[in-house]
$ cat target_26.cif   # mmCIF, C-alpha atoms
data_start
#
loop_
_atom_site.group_PDB
_atom_site.id
_atom_site.type_symbol
_atom_site.label_atom_id
_atom_site.label_comp_id
_atom_site.auth_asym_id
_atom_site.auth_seq_id
_atom_site.Cartn_x
_atom_site.Cartn_y
_atom_site.Cartn_z
ATOM 1 C CA MET A 121 35.374 37.147 103.379
ATOM 2 C CA ILE A 122 38.849 36.592 104.806
ATOM 3 C CA THR A 123 41.478 35.441 102.328
ATOM 4 C CA LEU A 124 43.687 32.817 103.916
ATOM 5 C CA GLN A 125 47.365 32.849 102.948
ATOM 6 C CA ALA A 126 47.929 29.082 103.014
ATOM 7 C CA ALA A 127 45.728 26.251 101.802
ATOM 8 C CA SER A 128 45.072 23.201 103.911
ATOM 9 C CA SER A 129 47.211 20.243 103.001
ATOM 10 C CA PRO A 130 45.800 17.244 101.109
ATOM 11 C CA ALA A 131 47.390 15.169 103.906
ATOM 12 C CA TRP A 132 44.946 16.794 106.336
ATOM 13 C CA LEU A 133 41.980 15.727 104.179
ATOM 14 C CA SER A 134 43.383 12.202 103.919
ATOM 15 C CA ALA A 135 43.672 12.017 107.720
ATOM 16 C CA VAL A 136 40.046 13.138 108.100
ATOM 17 C CA LEU A 137 38.709 10.666 105.547
ATOM 18 C CA ALA A 138 40.760 7.834 107.077
ATOM 19 C CA ASP A 139 39.135 8.355 110.499
ATOM 20 C CA PHE A 140 35.883 10.190 109.909
ATOM 21 C CA ASP A 141 34.465 9.100 113.273
ATOM 22 C CA ALA A 142 37.295 10.915 115.093
ATOM 23 C CA PHE A 143 36.713 13.932 112.879
ATOM 24 C CA LEU A 144 32.985 13.983 113.709
ATOM 25 C CA LEU A 145 33.743 13.969 117.427
ATOM 26 C CA ASP A 146 36.192 16.832 116.994
ATOM 27 C CA HIS A 147 33.725 18.706 114.784
ATOM 28 C CA ALA A 148 31.056 18.412 117.481
ATOM 29 C CA ALA A 149 33.462 19.831 120.057
ATOM 30 C CA ALA A 150 34.419 22.679 117.712
ATOM 31 C CA GLU A 151 30.779 23.688 117.194
ATOM 32 C CA ARG A 152 30.120 23.639 120.930
ATOM 33 C CA LYS A 153 33.213 25.760 121.550
ATOM 34 C CA ALA A 154 32.160 28.215 118.833
ATOM 35 C CA SER A 155 28.839 28.698 120.590
ATOM 36 C CA ALA A 156 30.659 29.184 123.891
ATOM 37 C CA LEU A 157 32.976 31.780 122.310
ATOM 38 C CA ALA A 158 29.994 33.819 121.161
ATOM 39 C CA LEU A 159 28.512 33.709 124.659
ATOM 40 C CA SER A 160 31.881 34.604 126.168
ATOM 41 C CA LEU A 161 32.112 37.714 123.994
ATOM 42 C CA ILE A 162 28.659 38.772 125.213
ATOM 43 C CA THR A 163 29.775 38.251 128.807
ATOM 44 C CA HIS A 164 32.971 40.266 128.359
ATOM 45 C CA TYR A 165 31.456 43.086 126.279
ATOM 46 C CA PRO A 166 27.812 43.476 127.372
ATOM 47 C CA ASP A 167 27.933 47.219 126.643
ATOM 48 C CA ARG A 168 28.506 46.693 122.905
ATOM 49 C CA ARG A 169 25.001 46.374 121.486
ATOM 50 C CA GLU A 170 25.905 45.346 117.950
ATOM 51 C CA LEU A 171 28.206 42.669 119.305
ATOM 52 C CA VAL A 172 25.632 41.335 121.784
ATOM 53 C CA ALA A 173 22.881 41.000 119.182
ATOM 54 C CA THR A 174 25.196 39.430 116.611
ATOM 55 C CA MET A 175 26.791 37.025 119.067
ATOM 56 C CA MET A 176 23.386 35.886 120.365
ATOM 57 C CA ASP A 177 22.443 34.872 116.843
ATOM 58 C CA LEU A 178 25.824 33.241 116.294
ATOM 59 C CA ALA A 179 25.667 31.294 119.563
ATOM 60 C CA ARG A 180 22.261 29.899 118.618
ATOM 61 C CA GLU A 181 23.405 28.944 115.120
ATOM 62 C CA GLU A 182 26.592 27.280 116.371
ATOM 63 C CA LEU A 183 24.598 25.404 119.008
ATOM 64 C CA GLU A 184 22.265 24.178 116.251
ATOM 65 C CA HIS A 185 25.314 23.007 114.292
ATOM 66 C CA PHE A 186 26.517 21.195 117.402
ATOM 67 C CA TYR A 187 23.149 19.474 117.631
ATOM 68 C CA GLN A 188 23.222 18.486 113.951
ATOM 69 C CA VAL A 189 26.715 17.038 114.297
ATOM 70 C CA TYR A 190 25.682 15.294 117.509
ATOM 71 C CA LEU A 191 22.858 13.539 115.658
ATOM 72 C CA ARG A 192 25.438 12.155 113.221
ATOM 73 C CA VAL A 193 27.685 11.171 116.127
ATOM 74 C CA GLU A 194 24.776 9.353 117.737
ATOM 75 C CA GLU A 195 23.800 7.607 114.466
ATOM 76 C CA ARG A 196 27.294 6.098 114.361
ATOM 77 C CA GLY A 197 27.075 4.914 117.968
ATOM 78 C CA LEU A 198 29.844 7.265 119.075
ATOM 79 C CA ILE A 199 30.083 9.045 122.412
ATOM 80 C CA LEU A 200 31.198 12.642 122.808
ATOM 81 C CA GLY A 201 34.592 12.975 124.433
ATOM 82 C CA SER A 202 35.895 15.348 127.042
ATOM 83 C CA ASP A 203 37.429 18.645 126.040
ATOM 84 C CA SER A 204 40.939 18.641 124.706
ATOM 85 C CA LYS A 205 43.196 21.519 123.778
ATOM 86 C CA ASP A 206 43.271 22.383 120.090
ATOM 87 C CA PRO A 207 46.878 23.193 119.076
ATOM 88 C CA TYR A 208 45.700 25.447 116.233
ATOM 89 C CA ILE A 209 43.426 27.505 118.466
ATOM 90 C CA GLY A 210 46.102 27.658 121.158
ATOM 91 C CA ALA A 211 48.671 28.980 118.694
ATOM 92 C CA LEU A 212 46.229 31.557 117.298
ATOM 93 C CA ARG A 213 45.253 32.684 120.791
ATOM 94 C CA ALA A 214 48.940 33.253 121.521
ATOM 95 C CA GLU A 215 48.848 35.937 118.800
ATOM 96 C CA ILE A 216 46.199 37.934 120.704
ATOM 97 C CA ARG A 217 47.683 41.079 122.167
ATOM 98 C CA ASP A 218 47.173 42.489 125.653
ATOM 99 C CA GLY A 219 45.382 45.751 126.298
ATOM 100 C CA ARG A 220 41.642 46.267 126.314
ATOM 101 C CA ASP A 221 41.196 47.486 122.727
ATOM 102 C CA ASP A 222 43.967 45.361 121.198
ATOM 103 C CA TYR A 223 42.615 42.271 122.929
ATOM 104 C CA PHE A 224 39.064 42.959 121.770
ATOM 105 C CA LEU A 225 40.095 43.593 118.166
ATOM 106 C CA ASP A 226 42.291 40.502 118.063
ATOM 107 C CA ARG A 227 39.607 38.269 119.556
ATOM 108 C CA LEU A 228 37.188 39.337 116.855
ATOM 109 C CA LEU A 229 39.684 38.853 114.058
ATOM 110 C CA VAL A 230 40.934 35.514 115.348
ATOM 111 C CA GLY A 231 37.289 34.411 115.517
ATOM 112 C CA GLY A 232 36.901 35.375 111.868
ATOM 113 C CA ILE A 233 40.078 33.569 110.836
ATOM 114 C CA VAL A 234 38.969 30.385 112.595
ATOM 115 C CA GLU A 235 35.655 30.573 110.733
ATOM 116 C CA ALA A 236 37.455 31.159 107.411
ATOM 117 C CA ARG A 237 39.632 28.086 107.976
ATOM 118 C CA GLY A 238 36.531 26.098 108.893
ATOM 119 C CA CYS A 239 34.853 27.230 105.680
ATOM 120 C CA GLU A 240 37.809 26.077 103.604
ATOM 121 C CA ARG A 241 38.078 22.721 105.346
ATOM 122 C CA PHE A 242 34.368 21.931 105.434
ATOM 123 C CA GLY A 243 34.266 22.713 101.719
ATOM 124 C CA MET A 244 37.129 20.277 101.100
ATOM 125 C CA ILE A 245 35.309 17.603 103.072
ATOM 126 C CA ALA A 246 32.044 18.205 101.214
ATOM 127 C CA GLN A 247 33.799 17.709 97.883
ATOM 128 C CA ALA A 248 35.529 14.518 99.018
ATOM 129 C CA LEU A 249 32.593 12.732 100.649
ATOM 130 C CA THR A 250 30.571 10.216 98.671
ATOM 131 C CA ASP A 251 27.584 10.015 101.039
ATOM 132 C CA PRO A 252 25.043 12.494 99.582
ATOM 133 C CA SER A 253 23.554 13.381 102.960
ATOM 134 C CA LEU A 254 26.929 14.125 104.556
ATOM 135 C CA ARG A 255 28.091 15.959 101.434
ATOM 136 C CA SER A 256 25.023 18.229 101.560
ATOM 137 C CA PHE A 257 25.451 18.777 105.293
ATOM 138 C CA TYR A 258 29.076 19.861 104.923
ATOM 139 C CA ARG A 259 28.246 22.163 102.017
ATOM 140 C CA GLU A 260 25.705 23.900 104.255
ATOM 141 C CA ILE A 261 28.189 24.122 107.131
ATOM 142 C CA ALA A 262 30.852 25.588 104.791
ATOM 143 C CA ALA A 263 28.404 28.261 103.590
ATOM 144 C CA SER A 264 27.539 29.128 107.168
ATOM 145 C CA GLU A 265 31.224 29.459 108.119
ATOM 146 C CA ALA A 266 31.723 31.842 105.177
ATOM 147 C CA ARG A 267 29.026 34.124 106.572
ATOM 148 C CA HIS A 268 30.571 33.927 110.034
ATOM 149 C CA ASP A 269 34.063 35.011 109.017
ATOM 150 C CA ALA A 270 32.641 38.139 107.385
ATOM 151 C CA LEU A 271 30.494 38.773 110.467
ATOM 152 C CA PHE A 272 33.554 38.975 112.748
ATOM 153 C CA VAL A 273 35.364 41.362 110.402
ATOM 154 C CA GLU A 274 32.306 43.594 110.095
ATOM 155 C CA LEU A 275 31.963 43.689 113.880
ATOM 156 C CA ALA A 276 35.614 44.692 114.150
ATOM 157 C CA LYS A 277 34.976 47.524 111.674
ATOM 158 C CA THR A 278 32.035 48.655 113.806
ATOM 159 C CA TYR A 279 34.362 49.330 116.727
ATOM 160 C CA PHE A 280 37.700 50.104 115.036
ATOM 161 C CA SER A 281 38.862 51.974 111.947
ATOM 162 C CA ARG A 282 38.977 50.101 108.662
ATOM 163 C CA VAL A 283 42.703 50.843 108.411
ATOM 164 C CA SER A 284 43.504 49.337 111.810
ATOM 165 C CA VAL A 285 41.270 46.307 111.180
ATOM 166 C CA ASP A 286 42.795 45.634 107.768
ATOM 167 C CA ALA A 287 46.362 46.013 109.050
ATOM 168 C CA ARG A 288 45.843 43.744 112.036
ATOM 169 C CA LEU A 289 43.904 41.199 109.986
ATOM 170 C CA ALA A 290 46.785 41.003 107.494
ATOM 171 C CA ALA A 291 49.246 40.334 110.317
ATOM 172 C CA LEU A 292 47.033 37.667 111.896
ATOM 173 C CA VAL A 293 46.372 35.955 108.564
ATOM 174 C CA ASP A 294 50.135 35.758 107.988
ATOM 175 C CA ALA A 295 50.614 34.267 111.459
ATOM 176 C CA GLU A 296 47.784 31.794 110.830
ATOM 177 C CA ALA A 297 49.446 30.610 107.605
ATOM 178 C CA LYS A 298 52.611 29.729 109.522
ATOM 179 C CA ILE A 299 50.551 27.986 112.202
ATOM 180 C CA ILE A 300 48.517 25.876 109.751
ATOM 181 C CA GLN A 301 51.625 24.869 107.810
ATOM 182 C CA GLY A 302 53.341 23.740 110.998
ATOM 183 C CA LEU A 303 50.571 21.475 112.267
ATOM 184 C CA THR A 304 50.576 17.708 112.055
ATOM 185 C CA SER A 305 47.734 16.342 109.928
ATOM 186 C CA ARG A 306 45.128 14.651 112.093
ATOM 187 C CA PRO A 307 41.419 13.817 111.857
ATOM 188 C CA ALA A 308 40.332 17.101 113.432
ATOM 189 C CA LEU A 309 38.950 20.355 112.119
ATOM 190 C CA HIS A 310 42.163 22.199 112.948
#
$ encode --input "target_26.cif" --output "structure tokens"
Amino acid sequence: MITLQAASSPAWLSAVLADFDAFLLDHAAAERKASALALSLITHYPDRRELVATMMDLAREELEHFYQVYLRVEERGLILGSDSKDPYIGALRAEIRDGRDDYFLDRLLVGGIVEARGCERFGMIAQALTDPSLRSFYREIAASEARHDALFVELAKTYFSRVSVDARLAALVDAEAKIIQGLTSRPALH
């Protein structure tokens, strides 16, 4: 599991709890985008068997999460919104280096970091919610995200040396800490 260098702010959790409907809509979009990322990696690296098999499973699981969140969106009478840029993801993507191997390694590790942050935040939400059904749902989502962050790191170690993966992961985790600390708290996953 990836160890994040900065904890999410209590102000972020307050923003989520103050407008949980907005958070649910953002969460749905995040799950859909996670599924799309897995499919995108398959498209870009079809020759990497371990990656293809793993990303197929991940895409299906993330799509199932999207469906589960959508059911909660629908129960509340909400309507999914159009895509919007996520400042956190945009800032992390800016850390991805050019060059075939560097780009591939960084995409995997950034994917893992995003999952690690999701794990932390979904866990915070699960602890704060009073609705037993939602609390249970977010505990399950947090556990799933924990498996996913490790999955991305293990994939990276399949294709790159442990030393290079660990060194680059440390640099990206440091960059992510600065990014998360610089964001405005809003009712969104990131």
$ closest_residue --input "target_26.cif" --among "A:Tyr165, A:Glu182, A:Leu303, A:Glu240" --to "Ile209 in chain A" --atoms "only C-alpha atoms"
A:Leu303
$ residues_around --input "target_26.cif" --residues "Leu137 in chain A" --least-positions-apart "2" --cutoff "12 Å" --atoms "all atoms listed in the file" --output "ChimeraX atom specification"
/A:130-135,139-144,244-250,305-309
$ resolve_selection --input "target_26.cif" --expression "the PyMOL selection byres ((chain A and resi 196-198) around 12)" --output "ChimeraX atom specification"
/A:140-146,148,189-195,199-201
$ residues_around --input "target_26.cif" --residues "range 156-158 of chain A" --least-positions-apart "5" --cutoff "10 Å" --atoms "only C-alpha atoms" --output "list of chain:residue names"
A:Ala150, A:Glu151, A:Thr163, A:Leu171, A:Val172, A:Thr174, A:Met175, A:Met176, A:Asp177, A:Leu178, A:Ala179, A:Arg180, A:Glu182, A:Leu183, A:Arg227, A:Gly231
$ residues_around --input "target_26.cif" --residues "Arg288 in chain A" --least-positions-apart "4" --cutoff "9 Å" --atoms "all atoms listed in the file" --output "list in words"
Leu225, Asp226, Leu229, Val283, Ser284, Leu292 and Val293 of chain A
$ resolve_selection --input "target_26.cif" --expression "the PyMOL selection byres ((chain A and resi 273) around 9)" --output "PyMOL selection string"
chain A and resi 121-122+228-229+231-232+268-272+274-278+285-286+289
$ atom_distance --input "target_26.cif" --atom1 "CA of Glu265 in chain A" --atom2 "CA of Glu235 in chain A"
5.3 Å
$ residues_around --input "target_26.cif" --residues "range 237-239 of chain A" --least-positions-apart "2" --cutoff "6 Å" --atoms "only C-alpha atoms" --output "MDAnalysis selection string"
chainID A and resid 234:235 241:242 262 265:266
$ residues_around --input "target_26.cif" --residues "Glu181 in chain A" --least-positions-apart "5" --cutoff "9 Å" --atoms "all atoms listed in the file" --output "PDB file with C-alpha atoms, in the frame of the given file"
ATOM      1  CA  SER A 155      28.839  28.698 120.590  1.00  0.00           C
ATOM      2  CA  MET A 176      23.386  35.886 120.365  1.00  0.00           C
ATOM      3  CA  PHE A 186      26.517  21.195 117.402  1.00  0.00           C
ATOM      4  CA  SER A 264      27.539  29.128 107.168  1.00  0.00           C
TER       5      SER A 264
END
$ closest_residue --input "target_26.cif" --among "A:Ala290, A:Ala138, A:Leu254, A:Ile261" --to "His185 in chain A" --atoms "only C-alpha atoms"
A:Ile261
$ atom_distance --input "target_26.cif" --atom1 "CA of Ser281 in chain A" --atom2 "CA of Glu215 in chain A"
20.1 Å
$ atom_distance --input "target_26.cif" --atom1 "CA of Gln188 in chain A" --atom2 "CA of Ile233 in chain A"
22.8 Å
$ axis_aligned_box --input "target_26.cif" --around "range 164-170 of chain A" --padding-each-side "6 Å" --output "AutoDock Vina command-line options"
--center_x 29.0 --center_y 43.7 --center_z 123.2 --size_x 20.0 --size_y 19.0 --size_z 22.4
$ closest_residue --input "target_26.cif" --among "A:Ile300, A:Leu161, A:Ala173, A:Val136" --to "Tyr223 in chain A" --atoms "only C-alpha atoms"
A:Leu161
$ decode --input "target_26.cif" --residues "range 155-176 of chain A" --atoms "N, CA and C atoms" --output "short mmCIF file (atom, residue, chain, number, x, y, z; two decimals), in the first residue's frame"
data_model
loop_
_atom_site.label_atom_id
_atom_site.label_comp_id
_atom_site.auth_asym_id
_atom_site.auth_seq_id
_atom_site.Cartn_x
_atom_site.Cartn_y
_atom_site.Cartn_z
N SER A 155 -12.67 3.67 -14.47
CA SER A 155 -12.90 2.58 -15.40
C SER A 155 -12.31 2.93 -16.77
N ALA A 156 -12.51 4.16 -17.19
CA ALA A 156 -11.98 4.61 -18.48
C ALA A 156 -10.45 4.60 -18.49
N LEU A 157 -9.83 4.95 -17.37
CA LEU A 157 -8.36 4.91 -17.29
C LEU A 157 -7.86 3.48 -17.51
N ALA A 158 -8.50 2.53 -16.86
CA ALA A 158 -8.08 1.14 -17.02
C ALA A 158 -8.19 0.71 -18.48
N LEU A 159 -9.27 1.07 -19.12
CA LEU A 159 -9.44 0.74 -20.54
C LEU A 159 -8.42 1.46 -21.41
N SER A 160 -8.11 2.69 -21.06
CA SER A 160 -7.11 3.46 -21.81
C SER A 160 -5.73 2.80 -21.72
N LEU A 161 -5.38 2.30 -20.55
CA LEU A 161 -4.09 1.62 -20.41
C LEU A 161 -4.04 0.37 -21.28
N ILE A 162 -5.15 -0.35 -21.37
CA ILE A 162 -5.21 -1.53 -22.25
C ILE A 162 -5.00 -1.10 -23.70
N THR A 163 -5.65 -0.02 -24.09
CA THR A 163 -5.54 0.48 -25.46
C THR A 163 -4.12 0.89 -25.80
N HIS A 164 -3.45 1.57 -24.87
CA HIS A 164 -2.10 2.06 -25.12
C HIS A 164 -1.01 0.99 -24.99
N TYR A 165 -1.28 -0.06 -24.20
CA TYR A 165 -0.26 -1.08 -23.95
C TYR A 165 -0.83 -2.49 -24.15
N PRO A 166 -1.39 -2.78 -25.33
CA PRO A 166 -2.02 -4.08 -25.54
C PRO A 166 -1.04 -5.25 -25.52
N ASP A 167 0.25 -4.96 -25.66
CA ASP A 167 1.27 -6.00 -25.70
C ASP A 167 1.73 -6.42 -24.30
N ARG A 168 1.23 -5.81 -23.28
CA ARG A 168 1.65 -6.10 -21.90
C ARG A 168 0.57 -6.95 -21.23
N ARG A 169 0.76 -8.25 -21.30
CA ARG A 169 -0.28 -9.20 -20.88
C ARG A 169 -0.75 -9.02 -19.44
N GLU A 170 0.20 -8.88 -18.52
CA GLU A 170 -0.18 -8.73 -17.12
C GLU A 170 -1.03 -7.48 -16.93
N LEU A 171 -0.63 -6.42 -17.60
CA LEU A 171 -1.38 -5.17 -17.52
C LEU A 171 -2.78 -5.34 -18.09
N VAL A 172 -2.89 -5.95 -19.25
CA VAL A 172 -4.20 -6.11 -19.91
C VAL A 172 -5.15 -6.89 -19.00
N ALA A 173 -4.71 -8.01 -18.49
CA ALA A 173 -5.58 -8.84 -17.65
C ALA A 173 -5.99 -8.08 -16.38
N THR A 174 -5.04 -7.42 -15.76
CA THR A 174 -5.31 -6.69 -14.52
C THR A 174 -6.24 -5.51 -14.77
N MET A 175 -5.99 -4.78 -15.85
CA MET A 175 -6.82 -3.61 -16.13
C MET A 175 -8.23 -3.99 -16.57
N MET A 176 -8.40 -5.16 -17.20
CA MET A 176 -9.75 -5.61 -17.53
C MET A 176 -10.56 -5.81 -16.25
#
